[in-house]
Amino acid sequence: MLDSERTIFDWACKQTYIPLANMMTAAAMIGIDSCLMEGFETEKVDELLASDFDIDTGKFGVSYMVAFGYREADPPVKILQLLENITKWYN
């Protein structure tokens with residue numbers, strides 16, 4: 001695994017799911033919503049981190065982002081249907 005910097009970075013990115021899940025769970029327990037984000041434009045994020053926050057993007061990278069906040073409206077109530085009403089069994 002220590003063959004290259006890229007391999008180490010990829011492994012480290014996968015490990016960030018552990019504290020990320022803990023943060024999202026803790027937030028939910030105190031009524032804060034969260035949303036995991038992947039697929040962002042890495043180059044633009046790196047540029048922002050370097051220019052606005054003086055982060056050395058040669059040493060540090062972003063693997064995931066997560067947004068925390070409060071929902072504007074409560075989600076609609078889910079109505080569970082009886083299994084017998086939504087299934088048909090064939091023998």
# chains A, B, ... in the order shown; residues from 1 in each chain; ligands from 1

call {"tool": "select_by_dssp", "arguments": {"residues": "chain A", "states": "helix (DSSP H, G or I)", "output": "NGL selection string"}}
result
:A and (5-15 or 17-29 or 42-53 or 83-86)

call {"tool": "select_by_dssp", "arguments": {"residues": "chain A", "states": "strand (DSSP E)", "output": "ChimeraX atom specification"}}
result
/A:33-37,65-69

call {"tool": "write_last_selection", "arguments": {"atoms": "N, CA, C and O atoms", "output": "mmCIF file, in the first residue's frame"}}
result
data_model
loop_
_atom_site.group_PDB
_atom_site.id
_atom_site.type_symbol
_atom_site.label_atom_id
_atom_site.label_comp_id
_atom_site.auth_asym_id
_atom_site.auth_seq_id
_atom_site.Cartn_x
_atom_site.Cartn_y
_atom_site.Cartn_z
ATOM 1 N N ASP A 33 -29.602 18.220 10.234
ATOM 2 C CA ASP A 33 -29.557 17.421 9.012
ATOM 3 C C ASP A 33 -28.172 17.506 8.384
ATOM 4 O O ASP A 33 -27.441 18.472 8.588
ATOM 5 N N SER A 34 -27.826 16.493 7.603
ATOM 6 C CA SER A 34 -26.546 16.515 6.893
ATOM 7 C C SER A 34 -26.713 15.852 5.532
ATOM 8 O O SER A 34 -27.629 15.066 5.320
ATOM 9 N N CYS A 35 -25.821 16.213 4.637
ATOM 10 C CA CYS A 35 -25.864 15.655 3.282
ATOM 11 C C CYS A 35 -24.430 15.457 2.798
ATOM 12 O O CYS A 35 -23.659 16.415 2.705
ATOM 13 N N LEU A 36 -24.085 14.225 2.509
ATOM 14 C CA LEU A 36 -22.771 13.883 1.994
ATOM 15 C C LEU A 36 -22.670 14.287 0.534
ATOM 16 O O LEU A 36 -23.608 14.102 -0.234
ATOM 17 N N MET A 37 -21.539 14.863 0.145
ATOM 18 C CA MET A 37 -21.346 15.285 -1.243
ATOM 19 C C MET A 37 -20.078 14.667 -1.815
ATOM 20 O O MET A 37 -19.012 14.757 -1.218
ATOM 21 N N MET A 65 -17.121 16.009 0.992
ATOM 22 C CA MET A 65 -17.629 17.200 1.666
ATOM 23 C C MET A 65 -18.979 16.824 2.256
ATOM 24 O O MET A 65 -19.659 15.931 1.765
ATOM 25 N N VAL A 66 -19.331 17.525 3.313
ATOM 26 C CA VAL A 66 -20.627 17.281 3.941
ATOM 27 C C VAL A 66 -21.216 18.635 4.342
ATOM 28 O O VAL A 66 -20.498 19.516 4.796
ATOM 29 N N ALA A 67 -22.501 18.774 4.116
ATOM 30 C CA ALA A 67 -23.209 20.000 4.494
ATOM 31 C C ALA A 67 -24.071 19.701 5.718
ATOM 32 O O ALA A 67 -24.691 18.637 5.804
ATOM 33 N N PHE A 68 -24.086 20.625 6.656
ATOM 34 C CA PHE A 68 -24.914 20.504 7.854
ATOM 35 C C PHE A 68 -25.875 21.684 7.896
ATOM 36 O O PHE A 68 -25.537 22.784 7.485
ATOM 37 N N GLY A 69 -27.067 21.444 8.372
ATOM 38 C CA GLY A 69 -28.028 22.534 8.491
ATOM 39 C C GLY A 69 -29.373 22.031 8.960
ATOM 40 O O GLY A 69 -29.524 20.893 9.410
#

call {"tool": "residues_around", "arguments": {"residues": "Ala50 of chain A", "least_positions_apart": "5", "cutoff": "12 Å", "atoms": "only C-alpha atoms", "output": "compact mmCIF listing (two decimals) with C-alpha atoms, in the first residue's frame"}}
result
# COMPACT_ATOMS: atom_id res chain seq x y z
CA GLU A 43 -9.56 21.49 -8.91
CA LYS A 44 -11.90 24.35 -7.99
CA VAL A 45 -12.10 23.24 -4.35
CA ILE A 55 -4.01 25.28 2.58
CA ASP A 56 -1.07 23.51 0.95
CA THR A 57 -2.97 21.37 -1.57
CA GLY A 58 0.27 19.58 -2.41
CA LYS A 59 0.16 18.04 1.06
CA PHE A 60 -3.59 17.94 1.75
CA GLY A 61 -6.56 16.91 -0.36
CA VAL A 62 -10.32 16.78 -0.06

call {"tool": "closest_residue", "arguments": {"among": "A:Ala21, A:Ile32, A:Ile8, A:Ala26", "to": "Arg71 of chain A", "atoms": "only C-alpha atoms"}}
result
A:Ile32

call {"tool": "decode", "arguments": {"residues": "segment 10-22 of chain A", "atoms": "all heavy atoms", "output": "mmCIF file, in the first residue's frame"}}
result
data_model
loop_
_atom_site.group_PDB
_atom_site.id
_atom_site.type_symbol
_atom_site.label_atom_id
_atom_site.label_comp_id
_atom_site.auth_asym_id
_atom_site.auth_seq_id
_atom_site.Cartn_x
_atom_site.Cartn_y
_atom_site.Cartn_z
ATOM 1 N N ASP A 10 -5.530 7.604 -1.745
ATOM 2 C CA ASP A 10 -6.776 6.872 -2.009
ATOM 3 C C ASP A 10 -7.228 6.094 -0.777
ATOM 4 O O ASP A 10 -8.412 6.077 -0.441
ATOM 5 C CB ASP A 10 -6.610 5.929 -3.201
ATOM 6 C CG ASP A 10 -6.509 6.662 -4.520
ATOM 7 O OD1 ASP A 10 -6.905 7.850 -4.582
ATOM 8 O OD2 ASP A 10 -6.031 6.052 -5.497
ATOM 9 N N TRP A 11 -6.281 5.443 -0.099
ATOM 10 C CA TRP A 11 -6.619 4.695 1.118
ATOM 11 C C TRP A 11 -7.127 5.655 2.191
ATOM 12 O O TRP A 11 -8.131 5.391 2.856
ATOM 13 C CB TRP A 11 -5.406 3.926 1.614
ATOM 14 C CG TRP A 11 -5.648 3.255 2.930
ATOM 15 C CD1 TRP A 11 -6.266 2.057 3.140
ATOM 16 C CD2 TRP A 11 -5.303 3.771 4.220
ATOM 17 N NE1 TRP A 11 -6.329 1.791 4.496
ATOM 18 C CE2 TRP A 11 -5.743 2.822 5.172
ATOM 19 C CE3 TRP A 11 -4.669 4.924 4.664
ATOM 20 C CZ2 TRP A 11 -5.561 3.001 6.540
ATOM 21 C CZ3 TRP A 11 -4.489 5.100 6.023
ATOM 22 C CH2 TRP A 11 -4.935 4.143 6.943
ATOM 23 N N ALA A 12 -6.445 6.784 2.376
ATOM 24 C CA ALA A 12 -6.844 7.766 3.385
ATOM 25 C C ALA A 12 -8.233 8.320 3.090
ATOM 26 O O ALA A 12 -9.037 8.538 4.005
ATOM 27 C CB ALA A 12 -5.821 8.904 3.453
ATOM 28 N N CYS A 13 -8.540 8.536 1.810
ATOM 29 C CA CYS A 13 -9.875 9.021 1.438
ATOM 30 C C CYS A 13 -10.953 8.037 1.871
ATOM 31 O O CYS A 13 -12.000 8.435 2.368
ATOM 32 C CB CYS A 13 -9.958 9.242 -0.074
ATOM 33 S SG CYS A 13 -9.066 10.700 -0.639
ATOM 34 N N LYS A 14 -10.682 6.764 1.688
ATOM 35 C CA LYS A 14 -11.667 5.752 2.089
ATOM 36 C C LYS A 14 -11.841 5.730 3.608
ATOM 37 O O LYS A 14 -12.928 5.466 4.111
ATOM 38 C CB LYS A 14 -11.250 4.383 1.560
ATOM 39 C CG LYS A 14 -11.333 4.285 0.053
ATOM 40 C CD LYS A 14 -10.906 2.930 -0.443
ATOM 41 C CE LYS A 14 -11.048 2.855 -1.939
ATOM 42 N NZ LYS A 14 -9.804 2.955 -2.655
ATOM 43 N N GLN A 15 -10.781 6.012 4.337
ATOM 44 C CA GLN A 15 -10.852 6.003 5.796
ATOM 45 C C GLN A 15 -11.645 7.180 6.350
ATOM 46 O O GLN A 15 -12.125 7.125 7.478
ATOM 47 C CB GLN A 15 -9.436 6.011 6.390
ATOM 48 C CG GLN A 15 -8.640 4.781 6.041
ATOM 49 C CD GLN A 15 -9.341 3.501 6.459
ATOM 50 O OE1 GLN A 15 -9.657 3.310 7.630
ATOM 51 N NE2 GLN A 15 -9.589 2.618 5.517
ATOM 52 N N THR A 16 -11.805 8.242 5.568
ATOM 53 C CA THR A 16 -12.544 9.400 6.068
ATOM 54 C C THR A 16 -14.026 9.103 6.241
ATOM 55 O O THR A 16 -14.731 9.874 6.902
ATOM 56 C CB THR A 16 -12.371 10.634 5.148
ATOM 57 O OG1 THR A 16 -12.845 10.331 3.846
ATOM 58 C CG2 THR A 16 -10.933 11.076 5.097
ATOM 59 N N TYR A 17 -14.517 8.011 5.666
ATOM 60 C CA TYR A 17 -15.914 7.639 5.885
ATOM 61 C C TYR A 17 -16.192 7.344 7.357
ATOM 62 O O TYR A 17 -17.306 7.524 7.833
ATOM 63 C CB TYR A 17 -16.293 6.405 5.053
ATOM 64 C CG TYR A 17 -16.945 6.730 3.747
ATOM 65 C CD1 TYR A 17 -16.367 6.353 2.548
ATOM 66 C CD2 TYR A 17 -18.152 7.412 3.708
ATOM 67 C CE1 TYR A 17 -16.972 6.652 1.336
ATOM 68 C CE2 TYR A 17 -18.770 7.715 2.509
ATOM 69 C CZ TYR A 17 -18.177 7.319 1.321
ATOM 70 O OH TYR A 17 -18.785 7.624 0.144
ATOM 71 N N ILE A 18 -15.205 6.902 8.086
ATOM 72 C CA ILE A 18 -15.418 6.546 9.496
ATOM 73 C C ILE A 18 -15.782 7.776 10.327
ATOM 74 O O ILE A 18 -16.855 7.811 10.935
ATOM 75 C CB ILE A 18 -14.192 5.792 10.056
ATOM 76 C CG1 ILE A 18 -13.991 4.482 9.279
ATOM 77 C CG2 ILE A 18 -14.350 5.537 11.553
ATOM 78 C CD1 ILE A 18 -12.652 3.822 9.513
ATOM 79 N N PRO A 19 -14.936 8.817 10.374
ATOM 80 C CA PRO A 19 -15.342 9.998 11.156
ATOM 81 C C PRO A 19 -16.509 10.743 10.517
ATOM 82 O O PRO A 19 -17.309 11.369 11.222
ATOM 83 C CB PRO A 19 -14.079 10.863 11.200
ATOM 84 C CG PRO A 19 -13.246 10.400 10.056
ATOM 85 C CD PRO A 19 -13.575 8.954 9.862
ATOM 86 N N LEU A 20 -16.623 10.671 9.204
ATOM 87 C CA LEU A 20 -17.732 11.329 8.517
ATOM 88 C C LEU A 20 -19.071 10.745 8.976
ATOM 89 O O LEU A 20 -20.001 11.483 9.296
ATOM 90 C CB LEU A 20 -17.570 11.170 7.005
ATOM 91 C CG LEU A 20 -18.621 11.815 6.122
ATOM 92 C CD1 LEU A 20 -18.584 13.327 6.277
ATOM 93 C CD2 LEU A 20 -18.374 11.438 4.680
ATOM 94 N N ALA A 21 -19.144 9.425 9.039
ATOM 95 C CA ALA A 21 -20.376 8.773 9.502
ATOM 96 C C ALA A 21 -20.674 9.143 10.950
ATOM 97 O O ALA A 21 -21.830 9.378 11.314
ATOM 98 C CB ALA A 21 -20.258 7.262 9.354
ATOM 99 N N ASN A 22 -19.638 9.215 11.780
ATOM 100 C CA ASN A 22 -19.838 9.600 13.183
ATOM 101 C C ASN A 22 -20.356 11.030 13.296
ATOM 102 O O ASN A 22 -21.249 11.316 14.108
ATOM 103 C CB ASN A 22 -18.538 9.445 13.973
ATOM 104 C CG ASN A 22 -18.196 8.002 14.236
ATOM 105 O OD1 ASN A 22 -19.073 7.149 14.305
ATOM 106 N ND2 ASN A 22 -16.923 7.714 14.359
#
